[in-house]
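S.K.: Below you will find the structure I want to go over with you.
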Amino acid sequence: MATSTTPADHPPMIRVENLAKEFSDLKRGPVFALDHVSFDVRAGEIYGLLGPNGAGKTTCLRILSTVLKPTHGRALVAGYDVVAHPEHVRANIGFMSNNTGIYDRMTAWELVEYYGRLYGLEESVLQDRLEQIFSTLQMNEFRDMLGSKMSTGMKQKVSIARTIVHDPPVLIFDEPTSGLDVLVARAVLQTIESLKGQGKCIIFSTHIMREVEKLCDRVAIIHKGRILASGTLEELADRYNEPDVEELFFELIRRHDEQSLAEAEA
Ligand SMILES: Nc1ncnc2c1ncn2[C@@H]1O[C@H](COP(=O)(O)OP(=O)(O)OP(=O)(O)O)[C@@H](O)[C@H]1O
């Protein structure tokens, strides 16, 4: 008999425990960009980090992708500790930021191929993988176009292709639709959704409520380095008696800032 599984049945592919990053800022002194956060994300699940500018989203995602080291706590990706085994973590993730990183003098095909080689894919596996990705993402009509000639939408597709070329189980998107027109943004979101359908574990950051409503299975509302609330949108609506995620977001931030101010004055 066929059994169906839900993301909750899978072990976490991302495990974040009490993770913090403290910077010493010349003007502000020590700053907790990330202030002891914990969460899990499973295969087949999209987890959203929703927060305003400076909330700590990028810091969190950069720690998960081994670009930054945490100052406290730990993070495991595909079972590997990001500090102890960064090379295994990198082999298991694809990271896409809003900076597309497309080279003017490489064609779409060459660029994705180049990244595939960097990830150590064997040549025959790589060529099959490229054919598959270029067809799925509908990139064949510009496979030989140079980066300098590509539209924003084309660049974004190449950037996604580059992120998934080694078929990693964990995908990290840092504000993937930032600066895109509505059509391109929609295509990016649809691609992320289809990657979830393939069983990928996906974490992405945004400050756009609509993206969370459309895409995320669970969300963490993050502000000044702290997770103010997390859960499915239904759970949050029930817990705070506020069905509108935008209203909830502003209310939680307002309460947090009021409380911080009161503590500072006490
Ligand atoms: N290298 C650094 N040195 C000092 N402070 C930093 C450094 N990097 C980030 N910060 C501070 O940490 C906080 C969180 O920044 P982060 O970039 O993670 O936020 P974010 O949620 O991604 O926001 P944005 O959408 O603006 O990128 C901010 O107050 C930022 O000024």
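In the structure tokens, the first chain shown is A, the next is B, and so on; residue numbers restart at 1 for each chain, and ligands run from 1 in the order shown.
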For segment 203-210 of chain A, list every protein, DNA or RNA residue within 8 Å, evaluated using only C-alpha atoms, and leave out those in the same chain fewer than 6 positions away; present the list as a short mmCIF file (atom, residue, chain, number, x, y, z; two decimals) with C-alpha atoms, in the first residue's frame.

M.R.:
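Written file, result15.cif:
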```cif
data_model
loop_
_atom_site.label_atom_id
_atom_site.label_comp_id
_atom_site.auth_asym_id
_atom_site.auth_seq_id
_atom_site.Cartn_x
_atom_site.Cartn_y
_atom_site.Cartn_z
CA VAL A 41 13.45 23.09 8.45
CA ILE A 46 9.62 26.12 2.64
CA TYR A 47 10.54 28.13 5.71
CA GLY A 48 10.37 31.91 5.47
CA LEU A 49 12.35 34.47 7.41
CA LEU A 50 10.18 37.57 7.32
CA GLY A 51 11.69 40.77 8.63
CA PRO A 52 12.43 44.41 7.87
CA ASN A 53 15.84 45.71 6.76
CA LYS A 57 17.99 37.57 7.91
CA THR A 58 21.10 37.81 5.75
CA LEU A 171 18.33 25.59 -0.92
CA ILE A 172 18.84 29.01 0.59
CA PHE A 173 17.36 32.09 -1.08
CA ASP A 174 18.17 35.53 0.28
CA GLU A 175 15.48 37.98 -0.91
CA PRO A 176 15.38 36.24 -4.31
CA VAL A 245 -0.11 38.56 8.44
CA GLU A 246 0.78 42.17 7.64
#
```

S.K.: Can you tell me which residues surround Ala161 of chain A at a distance of at most 7 Å, considering only C-alpha atoms, apart from same-chain residues fewer than 4 positions away, and format the answer as a tab-separated table (two decimals) with N, CA and C atoms, in the first residue's frame?

M.R.:
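Writing the result to result32.tsv gives the following:
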```
chain	number	residue	atom	x	y	z
A	112	VAL	N	26.72	28.14	-16.05
A	112	VAL	CA	26.17	27.06	-15.21
A	112	VAL	C	27.12	25.86	-15.23
A	133	ILE	N	18.28	20.96	-16.57
A	133	ILE	CA	17.97	22.26	-15.96
A	133	ILE	C	17.55	23.28	-17.02
A	157	LYS	N	17.21	33.54	-13.99
A	157	LYS	CA	17.10	32.10	-14.26
A	157	LYS	C	18.49	31.45	-14.22
A	165	VAL	N	22.64	23.51	-9.71
A	165	VAL	CA	23.30	22.62	-10.68
A	165	VAL	C	23.79	21.32	-10.05
```

S.K.: Hey, which residues come within 10 Å of ligand 1 if we count only C-alpha atoms and all ligand atoms? Could you give them as a ChimeraX atom specification?

M.R.: /A:21-35,49-63,68,174-175,178,205-207,222-225

S.K.: Write a file of the just-selected residues containing N, CA and C atoms, as a short mmCIF file (atom, residue, chain, number, x, y, z; two decimals), in the first residue's frame.

M.R.:
```cif
data_model
loop_
_atom_site.label_atom_id
_atom_site.label_comp_id
_atom_site.auth_asym_id
_atom_site.auth_seq_id
_atom_site.Cartn_x
_atom_site.Cartn_y
_atom_site.Cartn_z
N LYS A 21 25.04 35.95 16.39
CA LYS A 21 26.22 36.57 15.79
C LYS A 21 26.33 37.99 16.33
N GLU A 22 27.46 38.21 16.98
CA GLU A 22 27.68 39.54 17.56
C GLU A 22 28.76 40.23 16.73
N PHE A 23 28.48 41.45 16.29
CA PHE A 23 29.49 42.25 15.60
C PHE A 23 29.90 43.37 16.52
N SER A 24 31.14 43.80 16.41
CA SER A 24 31.44 45.03 17.14
C SER A 24 31.46 46.17 16.13
N ASP A 25 30.49 47.04 16.31
CA ASP A 25 30.29 48.14 15.37
C ASP A 25 30.96 49.39 15.97
N LEU A 26 31.72 50.10 15.13
CA LEU A 26 32.47 51.25 15.64
C LEU A 26 31.58 52.27 16.35
N LYS A 27 30.43 52.58 15.71
CA LYS A 27 29.54 53.60 16.29
C LYS A 27 28.65 53.06 17.40
N ARG A 28 28.07 51.85 17.13
CA ARG A 28 27.04 51.34 18.04
C ARG A 28 27.58 50.43 19.14
N GLY A 29 28.88 50.09 19.05
CA GLY A 29 29.42 49.13 20.02
C GLY A 29 29.01 47.72 19.62
N PRO A 30 28.94 46.76 20.58
CA PRO A 30 28.56 45.40 20.20
C PRO A 30 27.10 45.34 19.73
N VAL A 31 26.87 44.65 18.61
CA VAL A 31 25.51 44.53 18.06
C VAL A 31 25.23 43.05 17.83
N PHE A 32 24.10 42.58 18.35
CA PHE A 32 23.68 41.22 18.04
C PHE A 32 22.90 41.26 16.73
N ALA A 33 23.56 40.95 15.62
CA ALA A 33 22.85 40.90 14.32
C ALA A 33 21.86 39.74 14.36
N LEU A 34 22.24 38.70 15.09
CA LEU A 34 21.36 37.54 15.30
C LEU A 34 21.45 37.21 16.78
N ASP A 35 20.27 37.11 17.41
CA ASP A 35 20.26 37.10 18.87
C ASP A 35 19.64 35.80 19.41
N LEU A 49 11.91 33.51 6.40
CA LEU A 49 12.35 34.47 7.41
C LEU A 49 11.81 35.81 6.96
N LEU A 50 10.84 36.32 7.70
CA LEU A 50 10.18 37.57 7.32
C LEU A 50 10.63 38.65 8.28
N GLY A 51 11.24 39.70 7.73
CA GLY A 51 11.69 40.77 8.63
C GLY A 51 12.06 42.01 7.85
N PRO A 52 12.06 43.16 8.54
CA PRO A 52 12.43 44.41 7.87
C PRO A 52 13.94 44.48 7.63
N ASN A 53 14.40 45.53 6.99
CA ASN A 53 15.84 45.71 6.76
C ASN A 53 16.57 45.66 8.09
N GLY A 54 17.71 45.00 8.10
CA GLY A 54 18.54 44.96 9.30
C GLY A 54 18.06 43.98 10.35
N ALA A 55 17.06 43.14 10.02
CA ALA A 55 16.49 42.23 11.02
C ALA A 55 17.46 41.11 11.40
N GLY A 56 18.38 40.79 10.49
CA GLY A 56 19.31 39.69 10.77
C GLY A 56 19.14 38.51 9.83
N LYS A 57 18.28 38.67 8.83
CA LYS A 57 17.99 37.57 7.91
C LYS A 57 19.25 37.14 7.14
N THR A 58 19.91 38.13 6.54
CA THR A 58 21.10 37.81 5.75
C THR A 58 22.18 37.19 6.62
N THR A 59 22.34 37.72 7.83
CA THR A 59 23.35 37.17 8.74
C THR A 59 23.06 35.69 9.00
N CYS A 60 21.80 35.37 9.24
CA CYS A 60 21.42 33.98 9.50
C CYS A 60 21.73 33.11 8.29
N LEU A 61 21.34 33.57 7.11
CA LEU A 61 21.53 32.77 5.90
C LEU A 61 23.02 32.65 5.55
N ARG A 62 23.78 33.68 5.85
CA ARG A 62 25.22 33.61 5.58
C ARG A 62 25.91 32.64 6.54
N ILE A 63 25.41 32.53 7.75
CA ILE A 63 25.98 31.52 8.66
C ILE A 63 25.66 30.11 8.13
N LEU A 68 29.82 33.14 7.08
CA LEU A 68 30.09 33.77 8.39
C LEU A 68 30.11 32.70 9.46
N ASP A 174 18.18 34.29 -0.49
CA ASP A 174 18.17 35.53 0.28
C ASP A 174 17.49 36.62 -0.55
N GLU A 175 16.29 36.99 -0.19
CA GLU A 175 15.48 37.98 -0.91
C GLU A 175 15.58 37.77 -2.43
N SER A 178 14.10 40.46 -4.90
CA SER A 178 14.40 41.87 -4.69
C SER A 178 14.83 42.53 -6.00
N SER A 205 14.48 34.33 2.67
CA SER A 205 14.22 35.54 3.42
C SER A 205 13.48 36.53 2.53
N THR A 206 12.65 37.31 3.16
CA THR A 206 11.89 38.31 2.41
C THR A 206 11.36 39.37 3.38
N HIS A 207 10.98 40.53 2.83
CA HIS A 207 10.21 41.45 3.67
C HIS A 207 8.84 41.64 3.03
N ILE A 222 11.08 37.97 12.15
CA ILE A 222 12.37 38.27 12.77
C ILE A 222 12.59 39.79 12.76
N HIS A 223 13.11 40.28 13.89
CA HIS A 223 13.30 41.73 14.04
C HIS A 223 14.42 41.94 15.05
N LYS A 224 15.36 42.81 14.69
CA LYS A 224 16.51 43.10 15.55
C LYS A 224 17.18 41.83 16.06
N GLY A 225 17.33 40.88 15.15
CA GLY A 225 18.07 39.66 15.48
C GLY A 225 17.28 38.60 16.21
#
```

S.K.: Using only C-alpha atoms, which protein or nucleic acid residues come within 12 Å of segment 76-83 of chain A? Drop anything in the same chain fewer than 2 positions from it, and give the result as a PyMOL selection string.

M.R.: chain A and resi 10-19+38-43+60-74+85-94+168-172+200-203

S.K.: Produce a file of the selected residues containing C-alpha atoms, as a PDB file, in the first residue's frame.

M.R.:
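Saved file result_17.pdb follows:
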```pdb
ATOM      1  CA  HIS A  10      11.163  13.929   7.560  1.00  0.00           C
ATOM      2  CA  PRO A  11      14.159  14.609   9.800  1.00  0.00           C
ATOM      3  CA  PRO A  12      15.235  18.273   9.814  1.00  0.00           C
ATOM      4  CA  MET A  13      17.700  19.179   7.052  1.00  0.00           C
ATOM      5  CA  ILE A  14      18.427  22.500   8.732  1.00  0.00           C
ATOM      6  CA  ARG A  15      18.723  22.664  12.512  1.00  0.00           C
ATOM      7  CA  VAL A  16      19.491  25.997  14.132  1.00  0.00           C
ATOM      8  CA  GLU A  17      20.064  26.021  17.896  1.00  0.00           C
ATOM      9  CA  ASN A  18      20.440  29.187  19.900  1.00  0.00           C
ATOM     10  CA  LEU A  19      22.383  30.759  17.056  1.00  0.00           C
ATOM     11  CA  SER A  38      16.391  28.400  17.018  1.00  0.00           C
ATOM     12  CA  PHE A  39      14.361  26.662  14.311  1.00  0.00           C
ATOM     13  CA  ASP A  40      14.263  23.519  12.120  1.00  0.00           C
ATOM     14  CA  VAL A  41      13.450  23.094   8.448  1.00  0.00           C
ATOM     15  CA  ARG A  42      12.607  19.744   6.864  1.00  0.00           C
ATOM     16  CA  ALA A  43      12.790  18.266   3.374  1.00  0.00           C
ATOM     17  CA  CYS A  60      21.421  33.981   9.503  1.00  0.00           C
ATOM     18  CA  LEU A  61      21.533  32.766   5.902  1.00  0.00           C
ATOM     19  CA  ARG A  62      25.223  33.612   5.585  1.00  0.00           C
ATOM     20  CA  ILE A  63      25.983  31.515   8.663  1.00  0.00           C
ATOM     21  CA  LEU A  64      24.006  28.608   7.171  1.00  0.00           C
ATOM     22  CA  SER A  65      25.983  28.901   3.950  1.00  0.00           C
ATOM     23  CA  THR A  66      29.299  28.969   5.925  1.00  0.00           C
ATOM     24  CA  VAL A  67      30.255  32.484   4.787  1.00  0.00           C
ATOM     25  CA  LEU A  68      30.090  33.767   8.388  1.00  0.00           C
ATOM     26  CA  LYS A  69      30.871  32.001  11.651  1.00  0.00           C
ATOM     27  CA  PRO A  70      28.425  32.266  14.536  1.00  0.00           C
ATOM     28  CA  THR A  71      29.613  33.664  17.849  1.00  0.00           C
ATOM     29  CA  HIS A  72      27.229  31.434  19.882  1.00  0.00           C
ATOM     30  CA  GLY A  73      25.054  28.391  19.304  1.00  0.00           C
ATOM     31  CA  ARG A  74      25.222  26.017  16.372  1.00  0.00           C
ATOM     32  CA  HIS A  85      32.359  20.655   8.438  1.00  0.00           C
ATOM     33  CA  PRO A  86      31.858  23.648   6.143  1.00  0.00           C
ATOM     34  CA  GLU A  87      32.931  21.710   3.032  1.00  0.00           C
ATOM     35  CA  HIS A  88      30.184  19.080   3.564  1.00  0.00           C
ATOM     36  CA  VAL A  89      27.673  21.845   4.220  1.00  0.00           C
ATOM     37  CA  ARG A  90      28.627  23.626   0.994  1.00  0.00           C
ATOM     38  CA  ALA A  91      28.242  20.399  -0.997  1.00  0.00           C
ATOM     39  CA  ASN A  92      24.693  20.058   0.336  1.00  0.00           C
ATOM     40  CA  ILE A  93      23.406  23.587  -0.254  1.00  0.00           C
ATOM     41  CA  GLY A  94      22.633  25.966  -3.059  1.00  0.00           C
ATOM     42  CA  PRO A 168      21.666  19.940  -3.416  1.00  0.00           C
ATOM     43  CA  PRO A 169      18.986  18.872  -0.912  1.00  0.00           C
ATOM     44  CA  VAL A 170      19.005  22.286   0.821  1.00  0.00           C
ATOM     45  CA  LEU A 171      18.332  25.593  -0.925  1.00  0.00           C
ATOM     46  CA  ILE A 172      18.838  29.012   0.592  1.00  0.00           C
ATOM     47  CA  LYS A 200      14.047  20.162  -1.383  1.00  0.00           C
ATOM     48  CA  CYS A 201      14.433  21.792   2.014  1.00  0.00           C
ATOM     49  CA  ILE A 202      14.090  25.514   1.338  1.00  0.00           C
ATOM     50  CA  ILE A 203      14.707  28.561   3.473  1.00  0.00           C
TER      51      ILE A 203
END
```

S.K.: As an mmCIF file with C-alpha atoms, in the first residue's frame, please: the residues near Ser230 of chain A (cut-off 7 Å, only C-alpha atoms, same-chain neighbours under 6 positions excluded).

M.R.:
```
data_model
loop_
_atom_site.group_PDB
_atom_site.id
_atom_site.type_symbol
_atom_site.label_atom_id
_atom_site.label_comp_id
_atom_site.auth_asym_id
_atom_site.auth_seq_id
_atom_site.Cartn_x
_atom_site.Cartn_y
_atom_site.Cartn_z
ATOM 1 C CA VAL A 219 7.475 31.450 8.831
ATOM 2 C CA ALA A 220 9.587 33.168 11.469
ATOM 3 C CA ILE A 221 8.959 36.860 12.005
#
```

S.K.: Mind the document's chain letters and residue numbers, and return as a list in words the residues of segment 9-43 of chain A that DSSP labels strand (DSSP E or B).

M.R.: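 Strand (DSSP E or B) members of segment 9-43 of chain A, listed: Pro12, Met13, Ile14, Arg15, Val16, Glu17, Asn18, Leu19, Ala20, Lys21, Glu22, Phe23, Ser24, Asp25, Gly29, Pro30, Val31, Phe32, Ala33, Leu34, Asp35, His36, Val37, Ser38, Phe39, Asp40, Val41 and Arg42 of chain A.
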
S.K.: Include N, CA and C atoms and write out the residues we just selected as a compact mmCIF listing (two decimals), in the first residue's frame.

M.R.:
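part.txt written:
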```txt
# COMPACT_ATOMS: atom_id res chain seq x y z
N PRO A 12 14.87 16.93 10.24
CA PRO A 12 15.23 18.27 9.81
C PRO A 12 16.51 18.26 8.96
N MET A 13 16.49 19.03 7.89
CA MET A 13 17.70 19.18 7.05
C MET A 13 18.48 20.41 7.49
N ILE A 14 17.75 21.35 8.13
CA ILE A 14 18.43 22.50 8.73
C ILE A 14 18.02 22.51 10.20
N ARG A 15 19.02 22.57 11.06
CA ARG A 15 18.72 22.66 12.51
C ARG A 15 19.53 23.83 13.07
N VAL A 16 18.83 24.80 13.60
CA VAL A 16 19.49 26.00 14.13
C VAL A 16 19.19 26.05 15.63
N GLU A 17 20.25 26.08 16.44
CA GLU A 17 20.06 26.02 17.90
C GLU A 17 20.74 27.20 18.57
N ASN A 18 19.92 28.09 19.09
CA ASN A 18 20.44 29.19 19.90
C ASN A 18 21.53 29.98 19.18
N LEU A 19 21.34 30.17 17.91
CA LEU A 19 22.38 30.76 17.06
C LEU A 19 22.46 32.28 17.24
N ALA A 20 23.68 32.77 17.38
CA ALA A 20 23.85 34.23 17.55
C ALA A 20 25.10 34.69 16.83
N LYS A 21 25.04 35.95 16.39
CA LYS A 21 26.22 36.57 15.79
C LYS A 21 26.33 37.99 16.33
N GLU A 22 27.46 38.21 16.98
CA GLU A 22 27.68 39.54 17.56
C GLU A 22 28.76 40.23 16.73
N PHE A 23 28.48 41.45 16.29
CA PHE A 23 29.49 42.25 15.60
C PHE A 23 29.90 43.37 16.52
N SER A 24 31.14 43.80 16.41
CA SER A 24 31.44 45.03 17.14
C SER A 24 31.46 46.17 16.13
N ASP A 25 30.49 47.04 16.31
CA ASP A 25 30.29 48.14 15.37
C ASP A 25 30.96 49.39 15.97
N GLY A 29 28.88 50.09 19.05
CA GLY A 29 29.42 49.13 20.02
C GLY A 29 29.01 47.72 19.62
N PRO A 30 28.94 46.76 20.58
CA PRO A 30 28.56 45.40 20.20
C PRO A 30 27.10 45.34 19.73
N VAL A 31 26.87 44.65 18.61
CA VAL A 31 25.51 44.53 18.06
C VAL A 31 25.23 43.05 17.83
N PHE A 32 24.10 42.58 18.35
CA PHE A 32 23.68 41.22 18.04
C PHE A 32 22.90 41.26 16.73
N ALA A 33 23.56 40.95 15.62
CA ALA A 33 22.85 40.90 14.32
C ALA A 33 21.86 39.74 14.36
N LEU A 34 22.24 38.70 15.09
CA LEU A 34 21.36 37.54 15.30
C LEU A 34 21.45 37.21 16.78
N ASP A 35 20.27 37.11 17.41
CA ASP A 35 20.26 37.10 18.87
C ASP A 35 19.64 35.80 19.41
N HIS A 36 20.40 34.71 19.31
CA HIS A 36 19.99 33.43 19.89
C HIS A 36 18.66 32.93 19.31
N VAL A 37 18.72 32.52 18.05
CA VAL A 37 17.51 32.01 17.40
C VAL A 37 17.61 30.50 17.21
N SER A 38 16.47 29.85 17.21
CA SER A 38 16.39 28.40 17.02
C SER A 38 15.22 28.08 16.09
N PHE A 39 15.45 27.18 15.16
CA PHE A 39 14.36 26.66 14.31
C PHE A 39 14.87 25.45 13.53
N ASP A 40 13.94 24.68 12.97
CA ASP A 40 14.26 23.52 12.12
C ASP A 40 13.56 23.69 10.79
N VAL A 41 14.16 23.15 9.74
CA VAL A 41 13.45 23.09 8.45
C VAL A 41 13.65 21.69 7.87
N ARG A 42 12.57 21.13 7.35
CA ARG A 42 12.61 19.74 6.86
C ARG A 42 12.59 19.68 5.34
```

S.K.: Mind pulling up the distance from atom CA of Tyr103 of chain A to atom CA of Leu146 of chain A?

M.R.: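 About the pair atom CA of Leu146 of chain A and atom CA of Tyr103 of chain A: they are 8.1 Å apart.
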
S.K.: What is the atom CA of Met150 of chain A to atom CA of Gly116 of chain A distance in Å?

M.R.: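 Distance between the two atoms: 20.5 Å.
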
S.K.: Ranking A:Ser124, A:Thr163, A:Ser148, A:Gln132 by minimum distance to Ser97 of chain A and counting only C-alpha atoms, which one comes first?

M.R.: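 Answer, going by the shortest atom-to-atom distance: A:Thr163.
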
S.K.: Considering only C-alpha atoms, state which residue in the set A:Phe249, A:Arg218, A:Asn98, A:Thr136 is at the smallest distance from Glu235 of chain A.

M.R.: A:Arg218

S.K.: From the DSSP assignment of the backbone, select every residue of segment 111-228 of chain A that is helix (DSSP H, G or I), and format the answer as an MDAnalysis selection string.

M.R.: chainID A and resid 111:118 123:136 140:142 147:149 152:164 182:197 209:215

S.K.: Output C-alpha atoms for every residue in that selection, as a PDB file, in the first residue's frame.

M.R.:
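Final output, again14.pdb:
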```pdb
ATOM      1  CA  LEU A 111      28.333  29.862 -16.565  1.00  0.00           C
ATOM      2  CA  VAL A 112      26.167  27.062 -15.209  1.00  0.00           C
ATOM      3  CA  GLU A 113      28.677  24.515 -16.547  1.00  0.00           C
ATOM      4  CA  TYR A 114      31.489  26.394 -14.801  1.00  0.00           C
ATOM      5  CA  TYR A 115      29.683  26.172 -11.454  1.00  0.00           C
ATOM      6  CA  GLY A 116      28.932  22.492 -12.020  1.00  0.00           C
ATOM      7  CA  ARG A 117      32.669  21.891 -12.475  1.00  0.00           C
ATOM      8  CA  LEU A 118      33.453  23.906  -9.359  1.00  0.00           C
ATOM      9  CA  GLU A 123      31.552  15.641 -17.100  1.00  0.00           C
ATOM     10  CA  SER A 124      28.861  13.205 -18.312  1.00  0.00           C
ATOM     11  CA  VAL A 125      26.691  13.791 -15.241  1.00  0.00           C
ATOM     12  CA  LEU A 126      27.180  17.531 -15.668  1.00  0.00           C
ATOM     13  CA  GLN A 127      26.108  17.597 -19.326  1.00  0.00           C
ATOM     14  CA  ASP A 128      22.932  15.600 -18.538  1.00  0.00           C
ATOM     15  CA  ARG A 129      22.195  17.849 -15.600  1.00  0.00           C
ATOM     16  CA  LEU A 130      22.645  20.980 -17.723  1.00  0.00           C
ATOM     17  CA  GLU A 131      20.261  19.656 -20.391  1.00  0.00           C
ATOM     18  CA  GLN A 132      17.704  18.871 -17.701  1.00  0.00           C
ATOM     19  CA  ILE A 133      17.972  22.257 -15.962  1.00  0.00           C
ATOM     20  CA  PHE A 134      17.950  24.285 -19.173  1.00  0.00           C
ATOM     21  CA  SER A 135      14.823  22.495 -20.268  1.00  0.00           C
ATOM     22  CA  THR A 136      13.012  22.691 -16.892  1.00  0.00           C
ATOM     23  CA  ASN A 140      17.250  26.854 -24.075  1.00  0.00           C
ATOM     24  CA  GLU A 141      16.457  29.887 -26.211  1.00  0.00           C
ATOM     25  CA  PHE A 142      19.234  31.859 -24.538  1.00  0.00           C
ATOM     26  CA  GLY A 147      25.717  37.613 -19.751  1.00  0.00           C
ATOM     27  CA  SER A 148      26.154  41.174 -21.030  1.00  0.00           C
ATOM     28  CA  LYS A 149      23.164  40.720 -23.377  1.00  0.00           C
ATOM     29  CA  THR A 152      17.086  40.660 -15.772  1.00  0.00           C
ATOM     30  CA  GLY A 153      14.729  37.694 -16.016  1.00  0.00           C
ATOM     31  CA  MET A 154      17.270  35.657 -17.968  1.00  0.00           C
ATOM     32  CA  LYS A 155      20.001  36.521 -15.465  1.00  0.00           C
ATOM     33  CA  GLN A 156      17.768  35.451 -12.618  1.00  0.00           C
ATOM     34  CA  LYS A 157      17.104  32.099 -14.260  1.00  0.00           C
ATOM     35  CA  VAL A 158      20.838  31.557 -14.780  1.00  0.00           C
ATOM     36  CA  SER A 159      21.370  32.435 -11.164  1.00  0.00           C
ATOM     37  CA  ILE A 160      18.813  29.812 -10.075  1.00  0.00           C
ATOM     38  CA  ALA A 161      20.366  27.262 -12.453  1.00  0.00           C
ATOM     39  CA  ARG A 162      23.775  27.947 -10.935  1.00  0.00           C
ATOM     40  CA  THR A 163      22.304  27.479  -7.437  1.00  0.00           C
ATOM     41  CA  ILE A 164      20.780  24.071  -8.207  1.00  0.00           C
ATOM     42  CA  VAL A 182       6.411  41.344 -11.211  1.00  0.00           C
ATOM     43  CA  LEU A 183       6.647  38.830 -14.038  1.00  0.00           C
ATOM     44  CA  VAL A 184      10.188  37.781 -13.233  1.00  0.00           C
ATOM     45  CA  ALA A 185       9.445  37.716  -9.505  1.00  0.00           C
ATOM     46  CA  ARG A 186       6.483  35.447 -10.175  1.00  0.00           C
ATOM     47  CA  ALA A 187       8.605  33.082 -12.254  1.00  0.00           C
ATOM     48  CA  VAL A 188      11.215  32.930  -9.483  1.00  0.00           C
ATOM     49  CA  LEU A 189       8.565  32.108  -6.872  1.00  0.00           C
ATOM     50  CA  GLN A 190       7.068  29.421  -9.111  1.00  0.00           C
ATOM     51  CA  THR A 191      10.504  27.867  -9.507  1.00  0.00           C
ATOM     52  CA  ILE A 192      11.000  27.834  -5.746  1.00  0.00           C
ATOM     53  CA  GLU A 193       7.626  26.151  -5.338  1.00  0.00           C
ATOM     54  CA  SER A 194       8.477  23.480  -7.878  1.00  0.00           C
ATOM     55  CA  LEU A 195      11.780  22.814  -6.077  1.00  0.00           C
ATOM     56  CA  LYS A 196       9.796  22.183  -2.939  1.00  0.00           C
ATOM     57  CA  GLY A 197       7.718  19.709  -4.938  1.00  0.00           C
ATOM     58  CA  MET A 209       4.194  39.446   3.221  1.00  0.00           C
ATOM     59  CA  ARG A 210       2.512  38.260   0.020  1.00  0.00           C
ATOM     60  CA  GLU A 211       5.471  35.994  -0.753  1.00  0.00           C
ATOM     61  CA  VAL A 212       5.168  34.396   2.653  1.00  0.00           C
ATOM     62  CA  GLU A 213       1.440  33.848   2.216  1.00  0.00           C
ATOM     63  CA  LYS A 214       1.904  32.294  -1.201  1.00  0.00           C
ATOM     64  CA  LEU A 215       4.937  30.161  -0.591  1.00  0.00           C
TER      65      LEU A 215
END
```
